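Student: Sharing a structure with you now.
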Amino acid sequence: MRYLLALFIFSLFFSCNNQSTTPNIVLFVFDKTPFSYSADQGFDFIEGSVFKKIAGQGVTFSSTFTASPSLAIYKRSLRTGLHTGHILSKKINIDSLEDLSDIFLKNNYKIKEHQNLSTWQNQEKSAAPTLDIFWITDGSFPVIEARIKNIFEHLPANTLLIVTAAAGPGQRYSEENLRVPLVMYYPNKFKAGTSTAQPTYTPDLLPTLISVIQLNHNTAQSDGQSVYPYATQPSTPIDDRILYWETAGGQPSQILRFNQWKMVKTSSSSDWLLYDMITDPSETDNVAAYHPGKYQKFQDWIERNR
């Protein structure tokens, strides 16, 4: 009898302890960021707004790119951790891959996708940890700001909050439009008011969430990588990474980003163009002829990884 009682107490303790350490996750995704951007200052989260407060209490990723300004493709990248080259590829059956929903449901999460910020107030209480994804596609900024402020002020304990966007404020595939805000707030886990210049993009979100909930999940099928180390230790040395995009119709058709270098191919029959985004942020001076080594290295990477 004592053994059974001890076993019951141990099981109860373990269950409570496990529940207390399994985070809730709240993800806000704007279809297009409402924040202005400048190369010198990054995104302006607006003094006095809840977004400025979240940034002040969280970690800001100052060099983040979207997978695609198309919300439908963005969602597939978020769910699978794949870059758009693989999402659009006929060589990969994306539907057969284990995606965000599969992974979180298998780990007892309740997933809720919201098209309206007001549904937060009406949601039922859940003993299981929740993943709430808010797709913010319309509405005036003051109303959005007020509702997100209400959610932020009533977050359950042990919650990871992420604010990002599927598109920046510029033209479709311009440099400005590929850059999006990314702020992660996780009390007692992330150091408040810090930032990192580690390049990140949408495919990184799924591996990062897997790291946060500490899953032993094989992320080999993902193009993204967890940026959790940069959230917990923003001073972690920058990891040089190549980021890659393909587009379905429109211009350009392929893009590669590495540090200050940007490769652009405007059609299947055109040559690659190479820009130095530090000296030429408007992308007007093709410097491919001056950097043949980089030019070839980037094309070789694309042939191996697209």
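Chain labels A, B, ... are given in the sequence in which chains occur in the structure tokens; within each chain residues are numbered consecutively from 1, and ligands are likewise numbered from 1 in the order shown.
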Extract the full set of strand (DSSP E) residues from segment 32-219 of chain A according to DSSP on the backbone, and format it as a PyMOL selection string.

Tutor: chain A and resi 37-38+42-43+59-61+64-65+110-114+130-136+159-165+182-185+194-196+200-201

Student: Within 10 Å of Phe43 of chain A, counting only C-alpha atoms, which residues show up once you throw out same-chain ones fewer than 4 positions away? Write them as a list in words, please.

Tutor: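 Result of the neighbour search: Thr33, Pro34, Phe35, Ser36, Tyr37, Ser38, Ala39, Thr60, Ser62, Gly168, Arg179, Val180, Pro181 and Leu182 of chain A.
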
Student: List the spatial neighbours of Tyr244 of chain A as an mmCIF file with C-alpha atoms, in the first residue's frame - criterion: any atom at most 7 Å away, only C-alpha atoms, same-chain residues fewer than 4 positions off excluded.

Tutor:
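File written: around_20.cif
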```
data_model
loop_
_atom_site.group_PDB
_atom_site.id
_atom_site.type_symbol
_atom_site.label_atom_id
_atom_site.label_comp_id
_atom_site.auth_asym_id
_atom_site.auth_seq_id
_atom_site.Cartn_x
_atom_site.Cartn_y
_atom_site.Cartn_z
ATOM 1 C CA HIS A 83 12.622 27.167 -47.999
ATOM 2 C CA ILE A 255 17.267 34.876 -54.703
ATOM 3 C CA LEU A 256 20.237 33.973 -52.531
ATOM 4 C CA ARG A 257 21.367 35.964 -49.482
#
```

Student: Nearest residue to Leu105 of chain A out of A:Leu131, A:Ala166, A:Val227, A:Leu117, using only C-alpha atoms?

Tutor: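 Once distances to Leu105 of chain A are computed over only C-alpha atoms, the minimum belongs to A:Leu131.
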
Student: For a quick check of understanding, using only C-alpha atoms, which of A:Pro69, A:Phe51, A:Asn188, A:His291 has the smallest distance to Gly170 of chain A?

Tutor: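 Counting only C-alpha atoms, the residue closest to Gly170 of chain A is A:Pro69.
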
Student: Quick one: residues within 8 Å of segment 84-86 of chain A, only C-alpha atoms counted, chain neighbours fewer than 5 positions away excluded, as a ChimeraX atom specification?

Tutor: /A:67-68,73,77,91-92,244-247,306

Student: List the neighbours of Ser70 of chain A out to 12 Å using only C-alpha atoms; skip same-chain residues closer than 5 positions along the sequence, and give me the result as a compact mmCIF listing (two decimals) with C-alpha atoms, in the first residue's frame.

Tutor:
```txt
# COMPACT_ATOMS: atom_id res chain seq x y z
CA PHE A 30 0.97 40.03 -39.74
CA ASP A 31 0.33 39.45 -43.43
CA LYS A 32 2.27 42.70 -43.96
CA LYS A 75 2.33 29.21 -44.02
CA ARG A 76 3.78 26.12 -45.73
CA SER A 77 7.30 27.23 -44.85
CA THR A 84 10.48 28.09 -50.98
CA ALA A 165 5.20 39.12 -40.35
CA ALA A 166 4.95 37.40 -43.72
CA ALA A 167 5.97 40.52 -45.66
CA GLY A 168 7.82 43.76 -45.07
CA ARG A 172 7.00 42.29 -53.40
CA TYR A 173 10.53 40.86 -53.60
CA ASN A 177 9.93 43.64 -48.33
CA LEU A 178 11.89 40.47 -47.62
CA GLU A 246 12.40 30.70 -55.33
CA THR A 247 9.25 32.35 -56.59
CA ALA A 248 6.22 31.07 -58.47
CA GLY A 249 5.76 33.56 -61.27
CA GLY A 250 6.60 37.23 -61.17
```

Student: Provide the atom CA of Phe134 of chain A to atom CA of Gly193 of chain A distance in Å, to one decimal place.

Tutor: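 Between these atoms lies a distance of 23.7 Å.
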
Student: Env of Tyr295 of chain A: 12 Å cut, atoms = only C-alpha atoms, seq-sep filter 3 positions within chain, self excluded. Answer as a PyMOL selection string.

Tutor: chain A and resi 256-258+261-264+271-276+286-292+298-302

Student: Any idea what's packed within 12 Å of Ile103 of chain A, counting only C-alpha atoms, ignoring anything in its chain fewer than 5 positions away? Could you give it as a PyMOL selection string?

Tutor: chain A and resi 79-80+97-98+108-111+131+206-207+209-210+213-219

Student: Just the selected residues (C-alpha atoms), exported as a PDB file, in the first residue's frame, please.

Tutor:
```pdb
ATOM      1  CA  ARG A  79       4.670  24.403 -41.002  1.00  0.00           C
ATOM      2  CA  THR A  80       7.449  22.410 -42.675  1.00  0.00           C
ATOM      3  CA  LEU A  97       6.427  15.371 -44.381  1.00  0.00           C
ATOM      4  CA  GLU A  98       5.755  15.630 -40.687  1.00  0.00           C
ATOM      5  CA  ASN A 108      -0.210  16.753 -26.476  1.00  0.00           C
ATOM      6  CA  TYR A 109      -0.490  20.357 -27.627  1.00  0.00           C
ATOM      7  CA  LYS A 110      -3.839  21.860 -28.462  1.00  0.00           C
ATOM      8  CA  ILE A 111      -3.446  23.915 -31.658  1.00  0.00           C
ATOM      9  CA  LEU A 131      -0.126  26.688 -29.563  1.00  0.00           C
ATOM     10  CA  LEU A 206       9.622  25.340 -36.649  1.00  0.00           C
ATOM     11  CA  PRO A 207      13.064  24.028 -35.524  1.00  0.00           C
ATOM     12  CA  LEU A 209       9.775  25.864 -31.491  1.00  0.00           C
ATOM     13  CA  ILE A 210      10.927  22.243 -31.349  1.00  0.00           C
ATOM     14  CA  ILE A 213       9.600  22.492 -26.074  1.00  0.00           C
ATOM     15  CA  GLN A 214      12.712  20.268 -25.932  1.00  0.00           C
ATOM     16  CA  LEU A 215      11.667  17.577 -28.384  1.00  0.00           C
ATOM     17  CA  ASN A 216      14.049  14.909 -29.550  1.00  0.00           C
ATOM     18  CA  HIS A 217      12.789  15.416 -33.064  1.00  0.00           C
ATOM     19  CA  ASN A 218      14.768  14.799 -36.229  1.00  0.00           C
ATOM     20  CA  THR A 219      14.944  18.126 -38.045  1.00  0.00           C
TER      21      THR A 219
END
```

Student: Between atom CA of Asn150 of chain A and atom CA of Thr164 of chain A, measure the distance and give it in Å to one decimal.

Tutor: 17.9 Å
